[in-house]
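Just below is one structure, and these are the notes that go with it.
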Amino acid sequence: MEEEKEKQPEAPQGKKRANSVSRRTFVLGVGGTAVLMGLGALRYVGHNPICRPPGGQDEIHLVDACIRCQRCYEACPRDVIVPAHIEDGFLGMRSPTLDFNNSYCDYCAEENEGRPKCVEVCPTGALVLPAGATAQSTIIGRAVIDEHTCLAFRDTGCRYCYDACPYEAVVLDDYTPYPRPHIVNDKCNGCGACEAACVSLKAGSIAEGATERAVVVRCLDAL
Amino acid sequence: MDSKKIRTIVVVAVFAIMAIGLIAGIQFGTLSGFGWDTFSAICPIGAFTTMLATRTLLPRGVISLIIMIALILIVGRAFCSWVCPVPVMQRIGNFFKRKSVKKAEDDARAKELRDIATYELSCGKKCATCGGCKQEHPKLDSRHAILGGALASTLIFGFPVFCLVCPIGLSFATIILVWRLFGAGDITWSVILVPALLIFELVFFRKWCGRICPIGAFQNLFGRFARPFRPQIDDKKCIETTTGKACSKCAIVCDADINLRHPAFGEHTLDDCTRCRACVDVCPTHAISMPFIAKKGASGAPVMQVADPLSGVKEGK
């Protein structure tokens, strides 16, 4: 650190010329860099598996490139893209994930002729689709049915998920009195239509202890 | 209406429009990535770090950087006072401070700066010719070190590290989290922790803008070449040069801690001027102006030699 150069004599108290690297500058610079290095090291702590919007299936690339600008949230015509929770890890916090409570991802088939808007607006290329990607080939996740909370498994004849699925990935079996739904893993791309349609937490049909719907989309890493 | 009010209105309006766009799904983007449809102007730090992390040149990133640098070369750090929500949020923080404490702090600052003026004026030389006010400052400070640290961390760990804690990003995140809490019943600790982190940064580091912010550091690196709209003093009008009495109102009012009359005593130099016009407004004799082209010989005109800014980034690591 440079010593202060006092060119003028009798400098009154508390009057410093600014031309020296002060201890404060040094501490802030080193401390700030250390904090940023520590934050960077969060990369090795990782985060819980998070379902990503179309184009975010390469998790490493997404974390590399996402600057959390939130453009994909507002671009999503169905409002299914939301910021990931801090509960899923500080590194993943505010990165894009999907919430199928009210709607599902149709790959912008209706709104943008099958070109996902989130991918189009992403300014950093964090969401990027491989060439020739289609809704069916973009595996957001996979639906999983919880047979303990599913109403169909209580012989209610519920088949909302079956009706909702655009990819024939939900099939009904021959169980009597009412058939029960099952997921065809090869056909499911995790679009969330079944989760959005599921009534297991609605209309007083809540199963004791259930915190999520009876059919939910899990990302592949979480399965 | 003074420029402080106009500035506050501009900042709040920009933030509000973007926040409403975010909630309503109208596409303006945020300050981190501003734009419509496929057009985007990305935050320079975000653009730089995302390209560094992915080791690719993004057309949108490169164009954004070029546009930002071009703007900074004209208006310096004007973003900091005219667009960035952080200074306004810090003023909101000040609002909660006890009046007596605030007054004591303001008085202490005013006294210190007036004492400096008295001290400098007592040198006996004529201000306009003395040269004692020559700017001698380190060309880099803690902000540049933190900018270097952010880039280094991104290079090592491969993701835009600063974006995790950027107060501008956290402010927009707060909006969407609160909206999701009430609009969609999305309950998460993020809705507490994101604003808490933001408040921590702004309260604990009250000089965030001048000592921490790497976005400010980036703007400083190029803003030092920006000549238009720098404030300059007309020595024929300035109280200190005409009467020899201490005034220093321009220094007291400066949020960027620049001492326009006695540059050597400011924490920063005119390289960090945010073009906020506070000094122009406050000057009792209207001696300060911000001309597009600096008048020769006027005080406040740049005299500092400029180093290659990129060599500084390397040192900053």
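Residue names in the structure tokens use chain letters A, B, ... in the order shown, residue numbers from 1 in each chain, and ligand numbers from 1 in the order shown.
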
Contacts of Val203 (chain B) at 12 Å or less, counting only C-alpha atoms, minus same-chain residues fewer than 2 places along, as a PyMOL selection string? chain B and resi 86-87+89-94+96-97+167+195-201+205-209

Check: which chain B residues lie within 6 Å of chain A using only C-alpha atoms, as a ChimeraX atom specification: /B:22,25,29,32-33,37-38,40,46,50,53-54,136-138,142,145-146,149-150,153,157-159,161,163,190,264-265,267

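In this structure, CA of Gly148 (chain B) sits 21.0 Å away from CA of Leu58 (chain B).
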
Shell around Phe153 (chain A) at 9 Å using only C-alpha atoms, local window under 3 positions removed, as a PyMOL selection string: chain A and resi 147-150+156-158+178-181

Residues of the last selection are to be written out with C-alpha atoms, as a PDB file, in the first residue's frame.
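Result file selection_16.pdb:
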ATOM      1  CA  GLU A 147     -51.325 -44.344  -6.022  1.00  0.00           C
ATOM      2  CA  HIS A 148     -51.975 -43.415  -2.390  1.00  0.00           C
ATOM      3  CA  THR A 149     -53.478 -40.059  -3.209  1.00  0.00           C
ATOM      4  CA  CYS A 150     -54.824 -40.676  -6.720  1.00  0.00           C
ATOM      5  CA  THR A 156     -63.870 -42.966  -8.040  1.00  0.00           C
ATOM      6  CA  GLY A 157     -63.548 -43.373 -11.778  1.00  0.00           C
ATOM      7  CA  CYS A 158     -61.536 -40.151 -12.036  1.00  0.00           C
ATOM      8  CA  TYR A 178     -63.313 -48.381 -12.642  1.00  0.00           C
ATOM      9  CA  PRO A 179     -60.112 -48.339 -14.696  1.00  0.00           C
ATOM     10  CA  ARG A 180     -56.995 -46.760 -13.222  1.00  0.00           C
ATOM     11  CA  PRO A 181     -54.472 -44.492 -15.007  1.00  0.00           C
TER      12      PRO A 181
END

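Going from CA of Arg7 (chain B) to CA of Ile69 (chain B) covers 21.9 Å.
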
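Residue neighbourhood of region 188-203 of chain A, excluding near-sequence residues (fewer than 6 positions): Phe100, Asn101, Asn102, Ser103, Tyr104, Cys105, Gln136, Ile139, Ile140, Gly141, Arg142, Ala143, Tyr160, Cys161, Ala164, Cys165, Ala169, Arg213, Ala214, Val215, Val216 and Val217 of chain A, at 6 Å, using only C-alpha atoms.
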
Going by DSSP on the backbone, which residues of region 12-195 of chain A come out as strand (DSSP E)? List them as a PDB file with N, CA and C atoms, in the first residue's frame.
ATOM      1  N   ILE A  81     -43.657 -20.853 -16.493  1.00  0.00           N
ATOM      2  CA  ILE A  81     -42.248 -20.696 -16.107  1.00  0.00           C
ATOM      3  C   ILE A  81     -42.166 -19.777 -14.895  1.00  0.00           C
ATOM      4  N   VAL A  82     -41.526 -20.256 -13.854  1.00  0.00           N
ATOM      5  CA  VAL A  82     -41.445 -19.507 -12.599  1.00  0.00           C
ATOM      6  C   VAL A  82     -40.018 -19.613 -12.067  1.00  0.00           C
ATOM      7  N   PRO A  83     -39.647 -18.718 -11.147  1.00  0.00           N
ATOM      8  CA  PRO A  83     -38.313 -18.839 -10.565  1.00  0.00           C
ATOM      9  C   PRO A  83     -38.224 -20.032  -9.613  1.00  0.00           C
ATOM     10  N   PRO A  96     -34.940 -20.604 -14.079  1.00  0.00           N
ATOM     11  CA  PRO A  96     -36.304 -20.945 -14.501  1.00  0.00           C
ATOM     12  C   PRO A  96     -36.682 -22.394 -14.215  1.00  0.00           C
ATOM     13  N   THR A  97     -37.865 -22.576 -13.695  1.00  0.00           N
ATOM     14  CA  THR A  97     -38.422 -23.907 -13.556  1.00  0.00           C
ATOM     15  C   THR A  97     -39.887 -23.826 -13.964  1.00  0.00           C
ATOM     16  N   LEU A  98     -40.623 -24.925 -13.809  1.00  0.00           N
ATOM     17  CA  LEU A  98     -41.991 -24.965 -14.307  1.00  0.00           C
ATOM     18  C   LEU A  98     -42.967 -25.222 -13.170  1.00  0.00           C
ATOM     19  N   ARG A 142     -40.945 -36.328 -16.327  1.00  0.00           N
ATOM     20  CA  ARG A 142     -41.851 -37.444 -16.536  1.00  0.00           C
ATOM     21  C   ARG A 142     -42.909 -37.431 -15.439  1.00  0.00           C
ATOM     22  N   ALA A 143     -44.149 -37.673 -15.841  1.00  0.00           N
ATOM     23  CA  ALA A 143     -45.238 -37.678 -14.863  1.00  0.00           C
ATOM     24  C   ALA A 143     -45.159 -38.936 -14.001  1.00  0.00           C
ATOM     25  N   VAL A 144     -45.486 -38.767 -12.736  1.00  0.00           N
ATOM     26  CA  VAL A 144     -45.473 -39.886 -11.802  1.00  0.00           C
ATOM     27  C   VAL A 144     -46.792 -39.856 -11.044  1.00  0.00           C
ATOM     28  N   ILE A 145     -47.463 -41.006 -10.971  1.00  0.00           N
ATOM     29  CA  ILE A 145     -48.739 -41.076 -10.245  1.00  0.00           C
ATOM     30  C   ILE A 145     -48.486 -41.633  -8.844  1.00  0.00           C
ATOM     31  N   VAL A 170     -50.890 -41.324 -20.955  1.00  0.00           N
ATOM     32  CA  VAL A 170     -51.648 -41.875 -19.834  1.00  0.00           C
ATOM     33  C   VAL A 170     -52.589 -42.938 -20.403  1.00  0.00           C
ATOM     34  N   VAL A 171     -52.494 -44.121 -19.871  1.00  0.00           N
ATOM     35  CA  VAL A 171     -53.390 -45.198 -20.339  1.00  0.00           C
ATOM     36  C   VAL A 171     -54.222 -45.682 -19.154  1.00  0.00           C
ATOM     37  N   LEU A 172     -55.394 -46.219 -19.457  1.00  0.00           N
ATOM     38  CA  LEU A 172     -56.258 -46.766 -18.418  1.00  0.00           C
ATOM     39  C   LEU A 172     -56.174 -48.289 -18.476  1.00  0.00           C
ATOM     40  N   PRO A 181     -55.444 -45.024 -14.048  1.00  0.00           N
ATOM     41  CA  PRO A 181     -54.472 -44.492 -15.007  1.00  0.00           C
ATOM     42  C   PRO A 181     -53.039 -44.954 -14.710  1.00  0.00           C
ATOM     43  N   HIS A 182     -52.274 -45.104 -15.768  1.00  0.00           N
ATOM     44  CA  HIS A 182     -50.850 -45.391 -15.653  1.00  0.00           C
ATOM     45  C   HIS A 182     -50.104 -44.558 -16.692  1.00  0.00           C
ATOM     46  N   ILE A 183     -48.850 -44.254 -16.379  1.00  0.00           N
ATOM     47  CA  ILE A 183     -48.047 -43.435 -17.294  1.00  0.00           C
ATOM     48  C   ILE A 183     -47.220 -44.349 -18.204  1.00  0.00           C
TER      49      ILE A 183
END

Polymer residues at most 8 Å from Val282 (chain B), only C-alpha atoms, same-chain spacing of 6 or more positions, as a PDB file with C-alpha atoms, in the first residue's frame:
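Writing done, so here's around-v6.pdb:
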ATOM      1  CA  LYS B 249     -22.045  22.827  -1.814  1.00  0.00           C
ATOM      2  CA  CYS B 250     -21.304  20.975  -5.029  1.00  0.00           C
ATOM      3  CA  VAL B 253     -24.487  17.268  -2.605  1.00  0.00           C
TER       4      VAL B 253
END

Measure the distance from CA of Glu212 (chain A) to CA of Cys51 (chain A) in Å and round it to one decimal.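 Between CA of Glu212 (chain A) and CA of Cys51 (chain A) the gap works out to 15.5 Å.
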
Can you pull out every residue within 10 Å of Arg227 (chain B), counting only C-alpha atoms, but drop anything in the same chain fewer than 3 positions away, and send it as a ChimeraX atom specification? /B:73-76,223-224,230-231,270-271,291-294,301-302

Preceding selection exported with N, CA and C atoms as a PDB file, in the first residue's frame:
ATOM      1  N   LEU B  73     -19.520   5.762 -23.291  1.00  0.00           N
ATOM      2  CA  LEU B  73     -18.517   6.702 -23.804  1.00  0.00           C
ATOM      3  C   LEU B  73     -19.109   8.091 -24.016  1.00  0.00           C
ATOM      4  N   ILE B  74     -20.439   8.167 -24.080  1.00  0.00           N
ATOM      5  CA  ILE B  74     -21.066   9.484 -24.247  1.00  0.00           C
ATOM      6  C   ILE B  74     -21.526  10.047 -22.902  1.00  0.00           C
ATOM      7  N   VAL B  75     -22.227   9.231 -22.127  1.00  0.00           N
ATOM      8  CA  VAL B  75     -22.854   9.778 -20.917  1.00  0.00           C
ATOM      9  C   VAL B  75     -22.248   9.238 -19.626  1.00  0.00           C
ATOM     10  N   GLY B  76     -21.138   8.531 -19.712  1.00  0.00           N
ATOM     11  CA  GLY B  76     -20.492   8.059 -18.486  1.00  0.00           C
ATOM     12  C   GLY B  76     -21.391   7.128 -17.699  1.00  0.00           C
ATOM     13  N   GLY B 223     -16.372   5.123 -18.806  1.00  0.00           N
ATOM     14  CA  GLY B 223     -16.880   6.460 -18.529  1.00  0.00           C
ATOM     15  C   GLY B 223     -15.759   7.472 -18.372  1.00  0.00           C
ATOM     16  N   ARG B 224     -14.572   7.003 -18.027  1.00  0.00           N
ATOM     17  CA  ARG B 224     -13.451   7.936 -17.868  1.00  0.00           C
ATOM     18  C   ARG B 224     -13.087   8.592 -19.195  1.00  0.00           C
ATOM     19  N   ARG B 230     -19.931  16.606 -18.713  1.00  0.00           N
ATOM     20  CA  ARG B 230     -19.249  16.654 -17.422  1.00  0.00           C
ATOM     21  C   ARG B 230     -19.483  18.035 -16.813  1.00  0.00           C
ATOM     22  N   PRO B 231     -19.772  18.079 -15.529  1.00  0.00           N
ATOM     23  CA  PRO B 231     -19.987  19.395 -14.923  1.00  0.00           C
ATOM     24  C   PRO B 231     -18.685  20.187 -14.887  1.00  0.00           C
ATOM     25  N   LEU B 270     -14.158  12.959 -11.630  1.00  0.00           N
ATOM     26  CA  LEU B 270     -15.222  13.143 -12.612  1.00  0.00           C
ATOM     27  C   LEU B 270     -15.384  11.930 -13.524  1.00  0.00           C
ATOM     28  N   ASP B 271     -14.405  11.038 -13.515  1.00  0.00           N
ATOM     29  CA  ASP B 271     -14.565   9.789 -14.273  1.00  0.00           C
ATOM     30  C   ASP B 271     -15.784   9.019 -13.787  1.00  0.00           C
ATOM     31  N   PRO B 291     -21.929  21.197 -20.103  1.00  0.00           N
ATOM     32  CA  PRO B 291     -21.974  21.390 -21.561  1.00  0.00           C
ATOM     33  C   PRO B 291     -21.686  20.087 -22.296  1.00  0.00           C
ATOM     34  N   PHE B 292     -22.203  19.996 -23.496  1.00  0.00           N
ATOM     35  CA  PHE B 292     -21.934  18.806 -24.297  1.00  0.00           C
ATOM     36  C   PHE B 292     -20.447  18.745 -24.654  1.00  0.00           C
ATOM     37  N   ILE B 293     -19.908  19.893 -24.983  1.00  0.00           N
ATOM     38  CA  ILE B 293     -18.467  19.949 -25.246  1.00  0.00           C
ATOM     39  C   ILE B 293     -17.844  20.877 -24.206  1.00  0.00           C
ATOM     40  N   ALA B 294     -16.839  20.366 -23.495  1.00  0.00           N
ATOM     41  CA  ALA B 294     -16.253  21.131 -22.401  1.00  0.00           C
ATOM     42  C   ALA B 294     -15.610  22.411 -22.923  1.00  0.00           C
ATOM     43  N   ALA B 301     -12.615  20.581 -15.884  1.00  0.00           N
ATOM     44  CA  ALA B 301     -12.255  19.905 -17.125  1.00  0.00           C
ATOM     45  C   ALA B 301     -11.193  18.856 -16.799  1.00  0.00           C
ATOM     46  N   PRO B 302     -11.204  17.769 -17.502  1.00  0.00           N
ATOM     47  CA  PRO B 302     -10.326  16.663 -17.136  1.00  0.00           C
ATOM     48  C   PRO B 302      -8.864  17.002 -17.336  1.00  0.00           C
TER      49      PRO B 302
END

Taking into account only C-alpha atoms, which residue in the set A:Asp88, A:Thr138, A:Ala222, A:Tyr167 is nearest to Gly46 (chain A)? A:Asp88

Give me, as number ranges by chain, the residues of region 48-289 of chain B that a backbone DSSP run labels helix (DSSP H, G or I). B: 48-54, 59-75, 78-82, 86-95, 99-121, 127-130, 142-157, 162-164, 167-184, 190-204, 208-212, 214-223, 239-243, 249-253, 263-265, 270-272, 278-282
